[in-house]
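Beneath this line is the structure, given in structure tokens, with notes to follow.
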Amino acid sequence: MNFLDWLRQPWPWYVAGPLIGLTVPILLIMGNKSFGVSSSLRHICAACIPAKIPFFHYDWKKEIWNLFFVSGILLGGIIAAQFLADPSPIAVNANLVNELGKYGIADYHGLLPTEVFSWQQLFTIRGLIMMVGGGFLVGFGTRYAGGCTSGHSIMGLSTLQWPSLVATCCFMAGGFIMANFILPLILSL
Amino acid sequence: MGNAPFLKTDPLEVDNTDFEVRSLDAMCVNEMQKDEPMLYNLKYLAVGIVFGIVLVKAEIISWFRIQEMFRLQSFHMYGVIGSAVIVGMVSVLLIKKLNLKTIYGEPISIHPKKFNKGQVFGGLMFGFGWAITGACPGPLFAQIGSGATVIAVTLLSAIAGTWVYGKFRDKLPH
């Protein structure tokens, strides 16, 4: 097996986790930047549609590094999909396959099920709730919480900030409630 | 460039509340005193590229992995987040113990976070959104890059969500 083939396999958690953790000191040493992604959404608002809202009136150019960082994430996604793609379907827990089968989800070739997340599904009730509604909750919720998985769960916990622990517990609680009690109803639509 | 001390030369500095505004409900605030030339930002792009590749290759941006996580059907995501936090914690500890500086020689500073109710209400809302879309903000960018172009709609909706939060910020409990 050559190096590229080796890279194309799914990476285990003990490779990915430490690499993500190292992002924290790298950004700090590069220029005193605190690791975080969701603030980029705020900078986009500040740059494009600040209206007369004080929350968006600040020198967003001072945070432009964050927009370079998220552009990198987008490019990284392109590179991984173009050159490092794994052709085999994703291996998923049998119980989940069973459950999703009931909602007509059976395509495990992509990172997202095409039965839900695709342009064709965008204007169905299920598609609208999941793609548009879900996105809205992510954008509103992360800003209300003051950070997302990277800012609170990784950066915040790494620097021992207890408000970040509260936020992380709430992320997880919200996720458990949604995935187990509400999402099944949405997926049945 | 020499090692000249970073003097505050802005006469308006006293009245400059920009940092306070920028740091409102934001985790990642630029603490650097010095201004970097625009091109120097490419190093953050490079870090982003590596981060994006990791997100895709470890299937962190997979909707299926997120569903498994919230149903306790797989250890994968807990392993990723747990080991990332441990490595981050040890790194920050080392930075403090060894008194490391940035590559520009500035002391490293970390902005402390104050508790407010937003971390509970907003946190729950984000949790809902995370379980629905299978993505936090970082993965949204990586999902689009990896070819799920329809997620651009989800990203626009997330930007709209952030905007609506900013608009009604004063009326929300904090």
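To be explicit about the labels: the chains of the structure tokens are called A, B, and onward in the order shown, and within each one the residues are counted from 1, while ligands get numbers from 1 in the order they are shown.
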TODO: For B:Ile144, list every protein, DNA or RNA residue within 7 Å, evaluated using only C-alpha atoms, and leave out those in the same chain fewer than 6 positions away; present the list as a PyMOL selection string.
DONE: (chain A and resi 74) or (chain B and resi 151-152)
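Distances from B:Val80, B:Ala135, B:Val85, B:Leu156 to A:Gly151 were compared using only C-alpha atoms, and the smallest one belongs to B:Val85.
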Open item on the list: Would you pick out the contacts of stretch 42-48 of chain B at 6 Å or less, using only C-alpha atoms, so that residues sharing its chain but fewer than 3 positions from it are not included, and give the list as a ChimeraX atom specification?
Closed with: /A:68-69,72-73 /B:39,51-52
Would you save the residues from that selection as a PDB file, in the first residue's frame, using N, CA and C atoms?
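Saved result, out_37.pdb, follows:
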ATOM      1  N   PHE A  68      -9.655  33.924   6.769  1.00  0.00           N
ATOM      2  CA  PHE A  68      -8.649  33.124   6.069  1.00  0.00           C
ATOM      3  C   PHE A  68      -8.700  31.684   6.573  1.00  0.00           C
ATOM      4  N   PHE A  69      -8.845  31.534   7.881  1.00  0.00           N
ATOM      5  CA  PHE A  69      -8.877  30.208   8.494  1.00  0.00           C
ATOM      6  C   PHE A  69     -10.058  29.385   7.955  1.00  0.00           C
ATOM      7  N   GLY A  72      -9.626  28.305   4.480  1.00  0.00           N
ATOM      8  CA  GLY A  72      -8.749  27.134   4.477  1.00  0.00           C
ATOM      9  C   GLY A  72      -9.532  25.860   4.718  1.00  0.00           C
ATOM     10  N   ILE A  73     -10.509  25.908   5.644  1.00  0.00           N
ATOM     11  CA  ILE A  73     -11.320  24.714   5.930  1.00  0.00           C
ATOM     12  C   ILE A  73     -12.063  24.283   4.665  1.00  0.00           C
TER      13      ILE A  73
ATOM     14  N   LEU B  39      -0.936  39.576   3.559  1.00  0.00           N
ATOM     15  CA  LEU B  39      -0.445  38.288   3.048  1.00  0.00           C
ATOM     16  C   LEU B  39      -0.035  37.323   4.168  1.00  0.00           C
ATOM     17  N   PHE B  51      -6.786  21.568   8.953  1.00  0.00           N
ATOM     18  CA  PHE B  51      -7.950  21.315   9.804  1.00  0.00           C
ATOM     19  C   PHE B  51      -9.110  20.766   8.970  1.00  0.00           C
ATOM     20  N   GLY B  52      -9.324  21.356   7.793  1.00  0.00           N
ATOM     21  CA  GLY B  52     -10.406  20.903   6.904  1.00  0.00           C
ATOM     22  C   GLY B  52     -10.199  19.468   6.447  1.00  0.00           C
TER      23      GLY B  52
END
- [ ] Fewer than 4 positions away in the same chain doesn't count, so skip those; otherwise give me all residues within 8 Å of A:Ile79, counting only C-alpha atoms, as a list in words.
- [x] Leu75, Phe83 and Leu84 of chain A; Ile53 and Ser146 of chain B
- [ ] Just the residues within 9 Å of B:Gln119, please, counting only C-alpha atoms, with nothing from its chain fewer than 6 positions along; format it as a list in words.
- [x] Gly141, Thr142, Tyr144, Ala145, Gly146, Gly147, Pro163, Ser164, Val166, Ala167, Thr168 and Cys170 of chain A; His174 of chain B
Could those residues be written to a file, using C-alpha atoms, as a tab-separated table (two decimals), in the first residue's frame?
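The result, stored in selection-v1.tsv:
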chain	number	residue	atom	x	y	z
A	141	GLY	CA	-27.28	29.17	18.88
A	142	THR	CA	-23.49	29.40	18.54
A	144	TYR	CA	-25.96	33.22	21.62
A	145	ALA	CA	-23.70	30.70	23.38
A	146	GLY	CA	-20.62	32.72	22.47
A	147	GLY	CA	-18.88	29.90	20.63
A	163	PRO	CA	-18.52	28.64	31.22
A	164	SER	CA	-17.25	26.60	28.27
A	166	VAL	CA	-21.51	24.61	30.78
A	167	ALA	CA	-21.84	25.42	27.07
A	168	THR	CA	-20.42	22.04	26.02
A	170	CYS	CA	-25.72	22.15	26.79
B	174	HIS	CA	-28.11	36.90	29.08
Open item on the list: Between atom CA of B:Ala142 and atom CA of B:Leu55, what distance in Å does the model show, to one decimal?
Closed with: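 Distance reported for this atom pair: 7.1 Å.
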TODO: Return the single residue from A:Gly139, A:Pro89, A:Gly76, A:Gly104 that is closest to A:Ser40, with distances computed using only C-alpha atoms.
DONE: A:Gly139
Task: Point-to-point distance in Å for atom CA of B:Ala160 and atom CA of A:Ser38 - done: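 Atom-to-atom, atom CA of A:Ser38 and atom CA of B:Ala160 are spaced 12.7 Å apart.
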Open item on the list: Show me, as a list of chain:residue names, the residues that have an atom within 7 Å of A:Phe136 when counting only C-alpha atoms, minus same-chain residues fewer than 5 positions from it.
Closed with: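 Counting only C-alpha atoms, the residues come to B:Ser157, B:Ala158, B:Ala160, B:Gly161.
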Quick one: write out the picked residues with N, CA and C atoms as an mmCIF file, in the first residue's frame?
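Resulting contents of out.cif:
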data_model
loop_
_atom_site.group_PDB
_atom_site.id
_atom_site.type_symbol
_atom_site.label_atom_id
_atom_site.label_comp_id
_atom_site.auth_asym_id
_atom_site.auth_seq_id
_atom_site.Cartn_x
_atom_site.Cartn_y
_atom_site.Cartn_z
ATOM 1 N N SER B 157 -28.046 30.192 5.894
ATOM 2 C CA SER B 157 -29.047 30.214 6.946
ATOM 3 C C SER B 157 -28.383 30.419 8.316
ATOM 4 N N ALA B 158 -27.198 29.833 8.501
ATOM 5 C CA ALA B 158 -26.466 30.026 9.758
ATOM 6 C C ALA B 158 -26.022 31.484 9.895
ATOM 7 N N ALA B 160 -27.582 33.976 8.565
ATOM 8 C CA ALA B 160 -28.826 34.679 8.883
ATOM 9 C C ALA B 160 -29.155 34.528 10.361
ATOM 10 N N GLY B 161 -28.949 33.333 10.909
ATOM 11 C CA GLY B 161 -29.202 33.093 12.332
ATOM 12 C C GLY B 161 -28.339 33.991 13.208
#
TODO: Compare A:Tyr14, A:Trp6, A:Phe181, A:Phe123 by their minimum atom-to-atom distance to chain B, counting only C-alpha atoms, and give me the closest one.
DONE: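 Smallest separation from chain B among the options: A:Tyr14.
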Task: Residue nearest chain A among B:Thr102, B:Asp35, B:Glu20, B:Ile95 (counting only C-alpha atoms) - done: B:Thr102
Task: All alpha helix (DSSP H) positions in stretch 102-132 of chain B, as a PyMOL selection string - done: chain B and resi 118-132
- [ ] Calculate how many Å separate atom CA of B:Phe64 from atom CA of A:Ser71, rounding to one decimal.
- [x]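 Value for the atom CA of B:Phe64-atom CA of A:Ser71 distance: 24.4 Å.
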Open item on the list: Considering only C-alpha atoms, can you say which of B:Ala148, B:Pro107, B:Ile49, B:Glu36 comes closest to chain A?
Closed with: B:Ile49
- [ ] Identify which of the residues A:Pro184, A:Pro87, A:Pro54, A:Gly135 lies closest to chain B, counting only C-alpha atoms when measuring atom-to-atom distances.
- [x] A:Gly135
Task: Contacts of B:Leu172 at 12 Å (only C-alpha atoms; same-chain gap of 6+ positions) as a count of residues only - done: 11
